[in-house]
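Source file: model_7.cif; contents: mmCIF, C-alpha atoms.
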data_upload
loop_
_atom_site.label_atom_id
_atom_site.label_comp_id
_atom_site.auth_asym_id
_atom_site.auth_seq_id
_atom_site.Cartn_x
_atom_site.Cartn_y
_atom_site.Cartn_z
CA MET A 1 0.00 0.00 0.00
CA VAL A 2 2.76 2.42 0.94
CA ALA A 3 4.72 1.45 -2.17
CA ALA A 4 1.70 2.48 -4.20
CA MET A 5 1.74 5.88 -2.53
CA LEU A 6 5.34 6.18 -3.69
CA ASN A 7 4.17 6.27 -7.32
CA GLY A 8 3.90 2.52 -7.59
CA HIS A 9 7.42 2.02 -8.95
CA SER A 10 9.69 -0.52 -7.28
CA ASP A 11 12.73 1.65 -7.96
CA THR A 12 11.25 4.91 -6.64
CA ILE A 13 13.01 4.60 -3.29
CA ALA A 14 16.36 4.10 -5.00
CA THR A 15 16.01 7.48 -6.71
CA LEU A 16 15.98 9.24 -3.32
CA VAL A 17 19.62 8.45 -2.54
CA GLU A 18 22.47 9.32 -4.89
CA PRO A 19 26.23 9.47 -4.32
CA GLY A 20 26.80 12.46 -2.06
CA ARG A 21 23.19 13.58 -1.74
CA VAL A 22 19.71 12.55 -0.60
CA HIS A 23 16.34 13.86 -1.69
CA ARG A 24 14.36 16.14 0.65
CA ARG A 25 11.50 13.60 0.61
CA VAL A 26 13.63 11.37 2.81
CA TYR A 27 12.91 13.81 5.64
CA ALA A 28 9.71 15.55 4.56
CA ASP A 29 7.46 12.92 2.99
CA PRO A 30 4.97 11.15 5.30
CA ASP A 31 4.75 8.24 2.84
CA VAL A 32 8.48 7.64 3.14
CA PHE A 33 8.11 7.61 6.92
CA GLU A 34 5.35 5.00 6.69
CA LEU A 35 7.64 2.78 4.66
CA GLU A 36 10.43 3.29 7.22
CA MET A 37 8.11 2.05 9.96
CA GLU A 38 7.47 -1.08 7.93
CA ARG A 39 10.87 -1.85 6.47
CA ILE A 40 13.38 -0.42 8.96
CA PHE A 41 11.68 -0.34 12.35
CA GLY A 42 9.59 -3.36 11.44
CA ARG A 43 12.64 -5.49 10.56
CA ALA A 44 15.93 -4.18 11.93
CA TRP A 45 17.47 -5.11 15.26
CA LEU A 46 16.38 -2.29 17.55
CA PHE A 47 17.69 -1.37 20.98
CA VAL A 48 14.97 -2.11 23.55
CA GLY A 49 16.59 -1.38 26.90
CA HIS A 50 19.10 -2.63 29.43
CA THR A 51 18.78 -5.66 31.67
CA SER A 52 19.43 -3.42 34.70
CA GLN A 53 16.08 -1.76 34.05
CA VAL A 54 14.42 -5.02 35.13
CA PRO A 55 16.80 -6.21 37.86
CA GLN A 56 14.36 -8.33 39.90
CA PRO A 57 11.68 -10.89 38.97
CA GLY A 58 8.43 -9.00 38.43
CA ASP A 59 10.14 -5.82 37.23
CA TYR A 60 8.98 -4.43 33.90
CA PHE A 61 9.88 -1.60 31.53
CA THR A 62 7.69 -0.31 28.69
CA THR A 63 8.76 1.28 25.43
CA GLU A 64 8.00 1.27 21.71
CA LEU A 65 9.72 -0.44 18.81
CA GLY A 66 8.70 1.79 15.95
CA ARG A 67 4.99 2.13 16.64
CA GLN A 68 4.67 -1.19 18.45
CA PRO A 69 4.18 -0.95 22.24
CA VAL A 70 6.29 -3.54 24.05
CA VAL A 71 7.09 -4.46 27.62
CA MET A 72 10.41 -5.91 28.79
CA THR A 73 10.05 -8.12 31.86
CA ARG A 74 12.14 -10.16 34.25
CA HIS A 75 10.54 -13.56 34.91
CA ARG A 76 10.88 -15.72 38.02
CA ASP A 77 13.59 -17.84 36.41
CA GLY A 78 15.68 -14.72 35.75
CA ALA A 79 14.98 -14.67 32.01
CA VAL A 80 14.29 -11.35 30.30
CA HIS A 81 11.34 -11.30 27.90
CA VAL A 82 10.18 -8.70 25.38
CA LEU A 83 6.42 -8.96 24.86
CA PHE A 84 3.91 -7.03 22.80
CA ASN A 85 2.11 -4.75 25.25
CA ARG A 86 -1.40 -5.61 24.05
CA CYS A 87 -4.07 -7.54 25.88
CA THR A 88 -5.13 -10.59 23.88
CA HIS A 89 -8.75 -10.01 24.86
CA ARG A 90 -9.79 -6.58 23.56
CA GLY A 91 -6.43 -5.03 22.69
CA ALA A 92 -5.74 -2.54 25.51
CA LYS A 93 -2.20 -1.82 26.66
CA VAL A 94 -1.60 -4.02 29.67
CA ALA A 95 1.33 -2.21 31.31
CA ASN A 96 0.77 1.54 31.17
CA GLU A 97 3.53 2.93 33.40
CA ARG A 98 7.05 3.57 32.12
CA CYS A 99 8.36 0.98 34.56
CA GLY A 100 7.25 -0.85 37.67
CA HIS A 101 6.97 -4.12 39.56
CA ALA A 102 4.10 -6.60 39.50
CA ALA A 103 3.68 -10.29 40.21
CA ARG A 104 1.30 -10.27 37.26
CA LEU A 105 0.52 -7.76 34.53
CA THR A 106 -3.21 -7.06 34.72
CA CYS A 107 -5.28 -5.34 32.04
CA LEU A 108 -7.38 -2.52 33.50
CA TYR A 109 -10.26 -3.13 31.11
CA HIS A 110 -11.58 -6.60 31.96
CA GLY A 111 -9.00 -7.83 34.44
CA TRP A 112 -7.21 -10.42 32.38
CA SER A 113 -3.82 -10.99 34.01
CA PHE A 114 -0.59 -12.30 32.56
CA ASP A 115 2.52 -13.81 34.06
CA THR A 116 5.82 -12.03 33.42
CA ASP A 117 6.70 -14.51 30.67
CA GLY A 118 3.48 -13.55 28.87
CA THR A 119 1.43 -16.58 29.88
CA LEU A 120 -2.25 -15.81 30.50
CA ALA A 121 -2.60 -16.47 34.22
CA ALA A 122 -6.23 -15.68 34.98
CA VAL A 123 -9.50 -14.69 33.30
CA PRO A 124 -12.29 -13.28 35.50
CA MET A 125 -15.57 -15.21 35.22
CA PRO A 126 -14.10 -17.91 32.99
CA GLU A 127 -17.49 -19.64 32.75
CA GLY A 128 -18.43 -17.00 30.17
CA CYS A 129 -15.68 -17.98 27.76
CA ALA A 130 -16.59 -19.70 24.53
CA GLU A 131 -16.60 -23.47 24.35
CA GLY A 132 -13.12 -24.64 23.46
CA PHE A 133 -11.44 -21.56 24.92
CA ARG A 134 -7.81 -22.45 25.61
CA ARG A 135 -6.04 -20.15 28.04
CA GLU A 136 -2.61 -21.16 26.75
CA ALA A 137 -3.52 -19.72 23.33
CA PHE A 138 -4.12 -16.22 24.74
CA GLY A 139 -0.76 -15.29 26.22
CA LEU A 140 0.89 -11.98 25.40
CA ALA A 141 2.61 -12.32 22.04
CA ARG A 142 6.40 -12.42 22.16
CA VAL A 143 8.51 -10.22 19.93
CA PRO A 144 9.84 -12.69 17.33
CA ARG A 145 13.56 -12.26 17.99
CA VAL A 146 15.34 -11.00 21.12
CA ALA A 147 19.04 -10.96 21.90
CA GLU A 148 21.33 -9.43 24.52
CA TYR A 149 24.97 -8.39 24.66
CA ARG A 150 26.54 -7.29 27.96
CA GLY A 151 23.19 -6.11 29.26
CA PHE A 152 22.09 -4.30 26.07
CA VAL A 153 18.81 -5.87 24.90
CA PHE A 154 17.87 -5.76 21.23
CA ALA A 155 14.84 -7.12 19.38
CA SER A 156 13.54 -7.50 15.86
CA LEU A 157 9.86 -7.45 14.96
CA ALA A 158 10.64 -9.70 11.98
CA ALA A 159 10.70 -13.47 12.37
CA SER A 160 13.56 -13.75 9.90
CA GLY A 161 16.38 -11.60 8.61
CA ALA A 162 19.99 -10.86 9.43
CA SER A 163 21.16 -12.58 12.61
CA PHE A 164 21.88 -10.56 15.71
CA GLU A 165 25.54 -11.51 15.51
CA ASP A 166 25.76 -10.29 11.91
CA HIS A 167 24.11 -7.03 12.95
CA ILE A 168 25.97 -6.26 16.17
CA GLY A 169 29.28 -8.04 15.62
CA PRO A 170 31.19 -5.16 13.97
CA ILE A 171 30.29 -2.75 16.80
CA LYS A 172 30.58 -5.02 19.88
CA SER A 173 33.91 -3.54 20.93
CA ASN A 174 32.29 -0.12 21.24
CA ILE A 175 29.83 -1.51 23.77
CA ASP A 176 32.76 -3.15 25.52
CA ASP A 177 34.53 0.22 25.70
CA LEU A 178 31.74 1.60 27.87
CA VAL A 179 30.97 -1.48 29.98
CA ASP A 180 34.63 -2.12 30.76
CA ARG A 181 34.86 1.28 32.48
CA ALA A 182 32.79 -0.15 35.33
CA PRO A 183 35.05 -1.76 37.96
CA ASP A 184 32.53 -4.59 38.35
CA GLY A 185 32.16 -4.98 34.57
CA ALA A 186 28.50 -3.97 34.47
CA LEU A 187 26.34 -0.92 33.88
CA ALA A 188 23.10 0.17 35.53
CA PHE A 189 20.41 2.32 33.95
CA ASP A 190 18.96 3.34 37.30
CA LEU A 191 19.74 7.06 37.43
CA GLY A 192 16.67 8.39 35.64
CA VAL A 193 16.22 9.61 32.06
CA HIS A 194 16.16 12.86 30.12
CA ARG A 195 13.15 12.61 27.80
CA TYR A 196 12.24 15.26 25.25
CA ALA A 197 10.96 15.63 21.69
CA TYR A 198 11.59 17.88 18.73
CA ASP A 199 9.68 18.79 15.57
CA GLY A 200 11.92 17.11 13.06
CA ASN A 201 12.76 13.84 11.34
CA TRP A 202 14.44 11.06 13.33
CA LYS A 203 17.35 10.79 10.88
CA LEU A 204 18.47 14.33 11.75
CA GLN A 205 19.50 13.06 15.19
CA VAL A 206 21.02 9.88 13.75
CA GLU A 207 23.18 11.92 11.36
CA ASN A 208 24.15 14.41 14.06
CA VAL A 209 25.60 11.73 16.34
CA LEU A 210 28.57 11.26 14.01
CA ASP A 211 28.78 14.83 12.67
CA SER A 212 31.84 16.61 14.07
CA TYR A 213 31.80 19.28 11.36
CA HIS A 214 29.00 21.25 13.06
CA VAL A 215 30.54 21.60 16.50
CA PRO A 216 32.62 24.82 16.09
CA PHE A 217 29.53 26.53 14.67
CA GLY A 218 26.46 24.86 16.14
CA HIS A 219 28.02 24.80 19.61
CA ALA A 220 29.96 28.07 19.43
CA SER A 221 28.41 29.22 22.71
CA THR A 222 30.10 26.33 24.57
CA VAL A 223 33.66 27.59 24.05
CA ASN A 224 35.46 30.37 25.92
CA LYS A 225 37.43 33.30 24.52
CA GLU A 226 40.41 31.02 23.94
CA GLY A 227 38.28 28.64 21.87
CA VAL A 228 38.29 25.91 24.54
CA GLN A 229 35.10 24.06 25.41
CA PHE A 230 34.05 23.62 29.04
CA ALA A 231 35.15 20.47 30.90
CA ARG A 232 32.83 17.55 30.19
CA ARG A 233 34.43 14.72 32.22
CA GLU A 234 34.95 14.26 35.92
CA GLY A 235 38.55 15.22 36.70
CA ASP A 236 39.16 17.51 33.70
CA LYS A 237 40.02 21.15 34.28
CA ALA A 238 39.10 22.19 30.73
CA GLY A 239 37.63 20.73 27.60
CA THR A 240 39.03 20.40 24.11
CA GLN A 241 40.36 23.13 21.84
CA VAL A 242 37.56 23.55 19.32
CA ILE A 243 38.49 26.94 17.84
CA ASP A 244 41.83 28.63 17.15
CA LYS A 245 41.40 32.36 17.55
CA ALA A 246 42.77 34.74 14.94
CA THR A 247 45.83 36.47 16.42
CA ASP A 248 46.17 39.55 14.27
CA GLN A 249 44.46 41.72 11.70
CA VAL A 250 46.11 40.03 8.76
CA ALA A 251 44.48 36.66 9.44
CA ASP A 252 42.83 34.90 6.55
CA LYS A 253 39.47 35.94 5.15
CA ALA A 254 37.56 33.28 7.07
CA ALA A 255 38.95 34.55 10.35
CA GLU A 256 38.12 38.13 9.40
CA THR A 257 34.55 37.04 8.77
CA ASP A 258 33.81 34.93 11.84
CA LYS A 259 36.72 35.88 14.13
CA SER A 260 37.61 32.22 14.57
CA ARG A 261 38.89 29.11 12.84
CA THR A 262 38.30 25.45 13.55
CA SER A 263 41.30 24.22 15.54
CA GLN A 264 43.80 21.80 14.06
CA SER A 265 43.21 19.37 16.92
CA TRP A 266 39.49 19.33 16.17
CA LYS A 267 40.14 18.87 12.45
CA GLY A 268 42.27 15.86 13.38
CA ARG A 269 39.29 13.86 14.61
CA ARG A 270 38.41 10.75 12.60
CA SER A 271 35.20 8.92 11.85
CA TYR A 272 34.85 5.18 11.21
CA ILE A 273 32.22 2.96 9.62
CA VAL A 274 31.87 -0.83 9.78
CA GLY A 275 28.74 -1.63 7.76
CA ASN A 276 25.06 -1.95 8.71
CA GLY A 277 24.92 1.85 9.19
CA HIS A 278 27.07 1.63 12.34
CA GLY A 279 29.97 3.96 13.01
CA TRP A 280 31.85 6.07 15.53
CA THR A 281 34.04 9.13 15.91
CA SER A 282 37.43 9.21 17.57
CA ASN A 283 37.86 10.71 20.98
CA THR A 284 38.11 14.42 21.66
CA SER A 285 41.72 15.51 22.26
CA LEU A 286 42.17 16.11 26.00
CA ASP A 287 45.09 16.29 28.41
CA ASP A 288 44.54 12.93 30.08
CA GLY A 289 47.83 13.14 31.97
CA LYS A 290 46.41 15.94 34.08
CA ARG A 291 42.98 14.41 34.67
CA SER A 292 42.49 14.41 38.42
CA SER A 293 39.91 15.04 41.12
CA PRO A 294 39.14 13.29 44.41
CA ALA A 295 36.27 11.39 42.73
CA PHE A 296 38.24 10.41 39.63
CA ASP A 297 41.38 9.46 41.58
CA GLU A 298 39.37 7.16 43.84
CA TYR A 299 37.62 5.64 40.82
CA LYS A 300 40.98 5.02 39.14
CA ARG A 301 42.29 3.33 42.30
CA VAL A 302 39.23 1.06 42.49
CA LEU A 303 39.51 0.16 38.80
CA ILE A 304 43.20 -0.71 39.20
CA ASP A 305 42.37 -2.89 42.20
CA LYS A 306 39.83 -4.76 40.08
CA VAL A 307 41.61 -5.19 36.75
CA GLY A 308 45.26 -4.28 37.32
CA ALA A 309 47.25 -1.19 36.40
CA GLU A 310 47.96 -2.11 32.76
CA ARG A 311 44.36 -3.02 31.97
CA ALA A 312 43.07 0.06 33.81
CA GLN A 313 45.37 2.31 31.78
CA HIS A 314 44.01 0.79 28.58
CA ILE A 315 40.41 1.28 29.72
CA LEU A 316 41.02 4.88 30.76
CA THR A 317 42.75 5.82 27.49
CA PRO A 318 39.99 7.50 25.46
CA ARG A 319 39.34 6.13 21.98
CA LEU A 320 35.68 6.84 21.24
CA HIS A 321 33.54 9.96 21.33
CA ASN A 322 30.17 8.97 19.83
CA THR A 323 29.08 5.54 18.60
CA LEU A 324 25.97 4.93 16.50
CA ILE A 325 24.36 1.49 16.50
CA TYR A 326 21.99 1.91 13.57
CA PRO A 327 19.16 2.68 13.51
CA ASN A 328 18.05 3.77 16.99
CA VAL A 329 20.73 4.00 19.67
CA SER A 330 23.98 5.83 20.33
CA ILE A 331 26.62 5.63 23.04
CA MET A 332 28.72 8.59 24.11
CA GLY A 333 32.12 7.93 25.59
CA LEU A 334 32.82 11.50 26.77
CA ASN A 335 29.72 12.40 28.80
CA ILE A 336 28.90 8.74 29.24
CA HIS A 337 25.29 7.99 28.36
CA VAL A 338 23.07 5.97 26.04
CA ARG A 339 20.67 7.84 23.76
CA VAL A 340 17.60 6.18 22.23
CA ILE A 341 16.02 7.70 19.12
CA LYS A 342 12.27 7.06 18.75
CA PRO A 343 10.48 8.17 15.56
CA VAL A 344 6.94 9.44 16.18
CA ALA A 345 6.06 10.99 12.79
CA PHE A 346 7.98 12.18 9.76
CA ASP A 347 8.42 15.51 11.55
CA ARG A 348 8.38 14.45 15.20
CA THR A 349 11.00 12.52 17.20
CA GLU A 350 11.37 11.57 20.86
CA ILE A 351 14.81 11.29 22.46
CA ASN A 352 15.55 9.34 25.65
CA VAL A 353 18.97 9.99 27.22
CA TYR A 354 19.98 7.50 29.92
CA PRO A 355 22.86 8.33 32.25
CA VAL A 356 24.72 5.14 33.09
CA ARG A 357 26.03 4.11 36.48
CA LEU A 358 29.37 2.36 36.45
CA VAL A 359 28.76 -0.51 38.85
CA GLY A 360 31.52 -0.70 41.42
CA ALA A 361 32.66 2.90 40.88
CA PRO A 362 32.59 5.32 43.84
CA ASP A 363 29.30 7.17 44.27
CA ALA A 364 31.10 10.49 43.84
CA MET A 365 32.33 9.43 40.38
CA ASN A 366 28.87 8.40 39.23
CA PHE A 367 27.41 11.60 40.66
CA GLY A 368 29.98 13.65 38.77
CA ASN A 369 29.06 11.89 35.52
CA ILE A 370 25.36 12.65 36.05
CA ARG A 371 26.04 16.27 36.95
CA LEU A 372 28.02 16.84 33.76
CA LEU A 373 25.41 15.04 31.64
CA ASN A 374 22.78 17.42 33.00
CA VAL A 375 24.93 20.26 31.67
CA THR A 376 25.36 18.77 28.19
CA HIS A 377 22.37 16.60 27.23
CA SER A 378 19.35 17.48 29.30
CA ALA A 379 16.40 19.28 27.73
CA ALA A 380 17.82 22.60 28.98
CA SER A 381 21.54 22.05 28.46
CA PHE A 382 24.48 23.72 26.74
CA VAL A 383 24.89 21.14 23.95
CA GLN A 384 21.76 19.20 23.10
CA THR A 385 19.57 22.32 22.91
CA ASP A 386 21.82 23.65 20.12
CA ASP A 387 21.32 20.45 18.15
CA ILE A 388 17.56 20.41 18.64
CA GLU A 389 17.33 23.98 17.35
CA ALA A 390 19.31 22.91 14.28
CA PHE A 391 16.99 19.91 13.71
CA VAL A 392 13.85 22.06 13.93
CA ARG A 393 15.25 24.69 11.58
CA THR A 394 16.32 21.99 9.14
CA GLN A 395 12.86 20.41 9.10
CA LYS A 396 11.31 23.82 8.45
CA GLY A 397 13.82 24.60 5.73
CA LEU A 398 13.11 21.31 3.98
CA ARG A 399 9.54 22.44 3.37
CA SER A 400 10.98 24.70 0.70
CA LEU A 401 10.61 23.55 -2.88
CA ALA A 402 13.52 25.73 -3.99
CA GLY A 403 15.92 22.80 -3.83
CA GLU A 404 15.21 19.09 -4.00
CA TRP A 405 18.50 17.69 -2.68
CA VAL A 406 20.42 17.64 0.60
CA ASP A 407 24.20 17.55 0.17
CA ILE A 408 26.27 14.98 2.09
CA SER A 409 29.25 14.91 -0.26
CA ARG A 410 32.08 16.17 1.99
CA GLY A 411 35.04 13.81 1.62
CA LEU A 412 33.37 11.69 -1.04
CA GLY A 413 35.98 9.43 -2.60
CA VAL A 414 38.79 9.98 -0.09
CA GLU A 415 37.78 7.35 2.44
CA GLU A 416 40.45 4.80 3.29
CA PRO A 417 40.61 1.36 4.91
CA ASP A 418 41.72 0.92 8.51
CA ARG A 419 42.90 -2.67 8.61
CA GLU A 420 43.76 -2.61 12.30
CA LEU A 421 40.14 -1.76 13.22
CA ASN A 422 38.60 -3.63 10.27
CA ALA A 423 36.81 -0.40 9.39
CA THR A 424 36.76 2.42 6.86
CA ARG A 425 37.95 5.79 8.10
CA ALA A 426 37.85 9.43 7.06
CA SER A 427 38.11 12.88 8.57
CA ALA A 428 35.28 13.50 11.03
CA MET A 429 34.85 16.83 9.24
CA HIS A 430 33.62 14.79 6.26
CA GLU A 431 30.22 13.14 5.74
CA MET A 432 31.26 9.54 5.18
CA ALA A 433 29.21 8.36 8.16
CA MET A 434 26.03 9.94 6.79
CA ARG A 435 26.56 8.26 3.43
CA ALA A 436 27.03 4.92 5.21
CA GLN A 437 23.78 5.45 7.09
CA TYR A 438 21.92 6.03 3.85
CA LYS A 439 23.49 2.96 2.31
CA ALA A 440 21.98 0.95 5.17
CA TRP A 441 18.71 2.92 4.91
CA LEU A 442 18.43 2.09 1.21
CA GLY A 443 19.18 -1.57 1.87
CA TYR A 444 16.25 -1.84 4.26
CA MET A 445 13.91 0.33 2.25
CA ARG A 446 14.35 -1.51 -1.05
CA GLU A 447 13.69 -4.91 0.48
CA ALA A 448 10.06 -5.75 -0.28
CA ALA A 449 7.95 -7.70 2.19
#

Can you give me the file's structure in the form of structure tokens?
Amino acid sequence: MVAAMLNGHSDTIATLVEPGRVHRRVYADPDVFELEMERIFGRAWLFVGHTSQVPQPGDYFTTELGRQPVVMTRHRDGAVHVLFNRCTHRGAKVANERCGHAARLTCLYHGWSFDTDGTLAAVPMPEGCAEGFRREAFGLARVPRVAEYRGFVFASLAASGASFEDHIGPIKSNIDDLVDRAPDGALAFDLGVHRYAYDGNWKLQVENVLDSYHVPFGHASTVNKEGVQFARREGDKAGTQVIDKATDQVADKAAETDKSRTSQSWKGRRSYIVGNGHGWTSNTSLDDGKRSSPAFDEYKRVLIDKVGAERAQHILTPRLHNTLIYPNVSIMGLNIHVRVIKPVAFDRTEINVYPVRLVGAPDAMNFGNIRLLNVTHSAASFVQTDDIEAFVRTQKGLRSLAGEWVDISRGLGVEEPDRELNATRASAMHEMAMRAQYKAWLGYMREAA
């Protein structure tokens, strides 16, 4: 049906993505969004949540996979289940709160109750059920495929397709990079969530995760007069050098125009792609030798006690800034958090930012991480608010019919292999990562049901 709305041609979708550019319809066409719900969010491996969000039997956490309401539960045997959050009687959502604890999940409408593995446990006034009614046939439906890696739970609404290992394999080490920072080797998503929405397409946030080119301009208000950004990690005295200030009146024309130039250290950042739309950017350049505070020093001591000095040094040596696990989740290694991207409409997106607790780290270290995340990625922060404004303005601008194409051609053709990381790399000032995302997008979108 949606394909028919897209002019009925099987190759119509392919015409929306060309080398170095994408058509404005990719962001501004409701019909394209409908097809994304079917072919990307209806098939891909999507991040659901973290096992720490359901630590005890009876705990549950609700979310959406695309438009499908689901509930993640912890059963009595310790197993984690992902179930469709729809009563099998008359269709009401069974679990309505964001999270909670219940021995059984009970529908408010007619009182049908379900065990935490989805089994229908009880039906009020069962004598009224039709002859041949079989309770075992009316359990909550299970999401067809569910998998977990180091606490990160993913699911696919499709019964078949690429395996979880094929999907996540190239990006596993990026998850390891975050989890290994915890002295006890585990994370906990138990510190709340920043939840907000913007009037723009979901792919604007996906692209932005791996876009370092915008920072000196989109986040200009976050740097001081010396062009240095504020400290964003516990123990740092200052952030990275984003801008090199012009030093005299004979500076180049760009400096005369905007009084600043992107710093060489910032230009030195790299981006990497590994297939499936996944990718990451290299770490921000910081003076790690001087990183120190009472909270960080204690954390470092605890980590060394747990894993040894050599391993601790490796863990604490920054390598990653942002990681995108396509299509709906990113991990930040600087202000450590996990960000979930939830499409609502072609021009509406919800963002959930989860601070992560490093299990086994001193409370002061975890508190410092939360405090700095509030400064950078809350709904009223120094960084994320800049990005949201850019997304909204972009969505408004794309209403214009003056131009049909969006350019993502920076660095096209100069990508190079990184054999050590089994990846492809380029300058993070280029748009290789965006092109890789649209390669994955096109792969999903062209695959008929």

Next item on the list: Compile the contact shell of A:Val392 as an MDAnalysis selection string: residues with an atom at most 8 Å away, counting only C-alpha atoms, same-chain residues fewer than 5 positions apart removed.
Entry: chainID A and resid 198:200

Next item on the list: Check which residues satisfy the PyMOL selection byres ((chain A and resi 416) around 10) in the file shown, then give them as a list in words.
Entry: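 Answer for the PyMOL selection byres ((chain A and resi 416) around 10): Tyr272, Gly413, Val414, Glu415, Pro417, Asp418, Arg419, Ala423, Thr424, Arg425, Ala426 and Ser427 of chain A.
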
Next item on the list: Name all residues at most 9 Å from A:Phe61 (count all atoms listed in the file; drop same-chain ones fewer than 3 positions away) and give them as a PyMOL selection string.
Entry: chain A and resi 49+53-54+70-73+95+97-101

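The smallest atom-to-atom distance between A:Glu34 and any of A:Ala380, A:Ala345, A:Phe164, A:Ile351, using all atoms listed in the file, is found for A:Ala345.
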
Margin query: Let me make sure I understand: among A:Pro57, A:Gly128, A:Gly268, A:Gly161, which one has the smallest atom-to-atom distance to A:Ala102 if we use all atoms listed in the file?
Written below: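 Closest to A:Ala102, using all atoms listed in the file: A:Pro57.
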
Convert the output of the PyMOL selection byres ((chain A and resi 433) around 7) on the shown file into explicit residues, formatted as a PDB file with C-alpha atoms, keeping the file's coordinate frame.
ATOM      1  CA  LEU A 210      28.570  11.260  14.010  1.00  0.00           C
ATOM      2  CA  ILE A 273      32.220   2.960   9.620  1.00  0.00           C
ATOM      3  CA  GLY A 279      29.970   3.960  13.010  1.00  0.00           C
ATOM      4  CA  GLU A 431      30.220  13.140   5.740  1.00  0.00           C
ATOM      5  CA  MET A 432      31.260   9.540   5.180  1.00  0.00           C
ATOM      6  CA  MET A 434      26.030   9.940   6.790  1.00  0.00           C
ATOM      7  CA  ARG A 435      26.560   8.260   3.430  1.00  0.00           C
ATOM      8  CA  ALA A 436      27.030   4.920   5.210  1.00  0.00           C
ATOM      9  CA  GLN A 437      23.780   5.450   7.090  1.00  0.00           C
TER      10      GLN A 437
END

Taking (34.2, 25.2, 12.6) in the file's coordinates, which residues come within 12 Å, counting all atoms listed in the file, written as a short mmCIF file (atom, residue, chain, number, x, y, z; two decimals) with C-alpha atoms, in the coordinates of the input?
data_model
loop_
_atom_site.label_atom_id
_atom_site.label_comp_id
_atom_site.auth_asym_id
_atom_site.auth_seq_id
_atom_site.Cartn_x
_atom_site.Cartn_y
_atom_site.Cartn_z
CA ASP A 211 28.78 14.83 12.67
CA SER A 212 31.84 16.61 14.07
CA TYR A 213 31.80 19.28 11.36
CA HIS A 214 29.00 21.25 13.06
CA VAL A 215 30.54 21.60 16.50
CA PRO A 216 32.62 24.82 16.09
CA PHE A 217 29.53 26.53 14.67
CA GLY A 218 26.46 24.86 16.14
CA HIS A 219 28.02 24.80 19.61
CA ALA A 220 29.96 28.07 19.43
CA VAL A 223 33.66 27.59 24.05
CA GLY A 227 38.28 28.64 21.87
CA GLN A 241 40.36 23.13 21.84
CA VAL A 242 37.56 23.55 19.32
CA ILE A 243 38.49 26.94 17.84
CA ASP A 244 41.83 28.63 17.15
CA LYS A 245 41.40 32.36 17.55
CA ALA A 254 37.56 33.28 7.07
CA ALA A 255 38.95 34.55 10.35
CA ASP A 258 33.81 34.93 11.84
CA LYS A 259 36.72 35.88 14.13
CA SER A 260 37.61 32.22 14.57
CA ARG A 261 38.89 29.11 12.84
CA THR A 262 38.30 25.45 13.55
CA SER A 263 41.30 24.22 15.54
CA GLN A 264 43.80 21.80 14.06
CA SER A 265 43.21 19.37 16.92
CA TRP A 266 39.49 19.33 16.17
CA LYS A 267 40.14 18.87 12.45
CA ALA A 428 35.28 13.50 11.03
CA MET A 429 34.85 16.83 9.24
#

Next item on the list: Report the distance between atom CA of A:Arg74 and atom CA of A:Asp59 in Å, rounded to one decimal place.
Entry: 5.6 Å

Note to self: List the spatial neighbours of stretch 88-91 of chain A as an NGL selection string - criterion: any atom at most 8 Å away, all atoms listed in the file, same-chain residues fewer than 3 positions off excluded.
What the structure shows: :A and (112 or 138-140)

Item checked: Straight-line distance linking atom CA of A:Asp407 with atom CA of A:Val206, stated in Å to one decimal ->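 The value is 15.9 Å.
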
Checklist line | Result set, the PyMOL selection byres ((chain A and resi 236-240) around 8) on current file, as an MDAnalysis selection string | finding: chainID A and resid 228:235 241:242 284:286 288 290:293

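Distance annotation: of A:Ala188, A:Ala312, A:Val340, A:Val80, the residue with the minimal separation from A:Pro327 is A:Val340; atom set is only C-alpha atoms.
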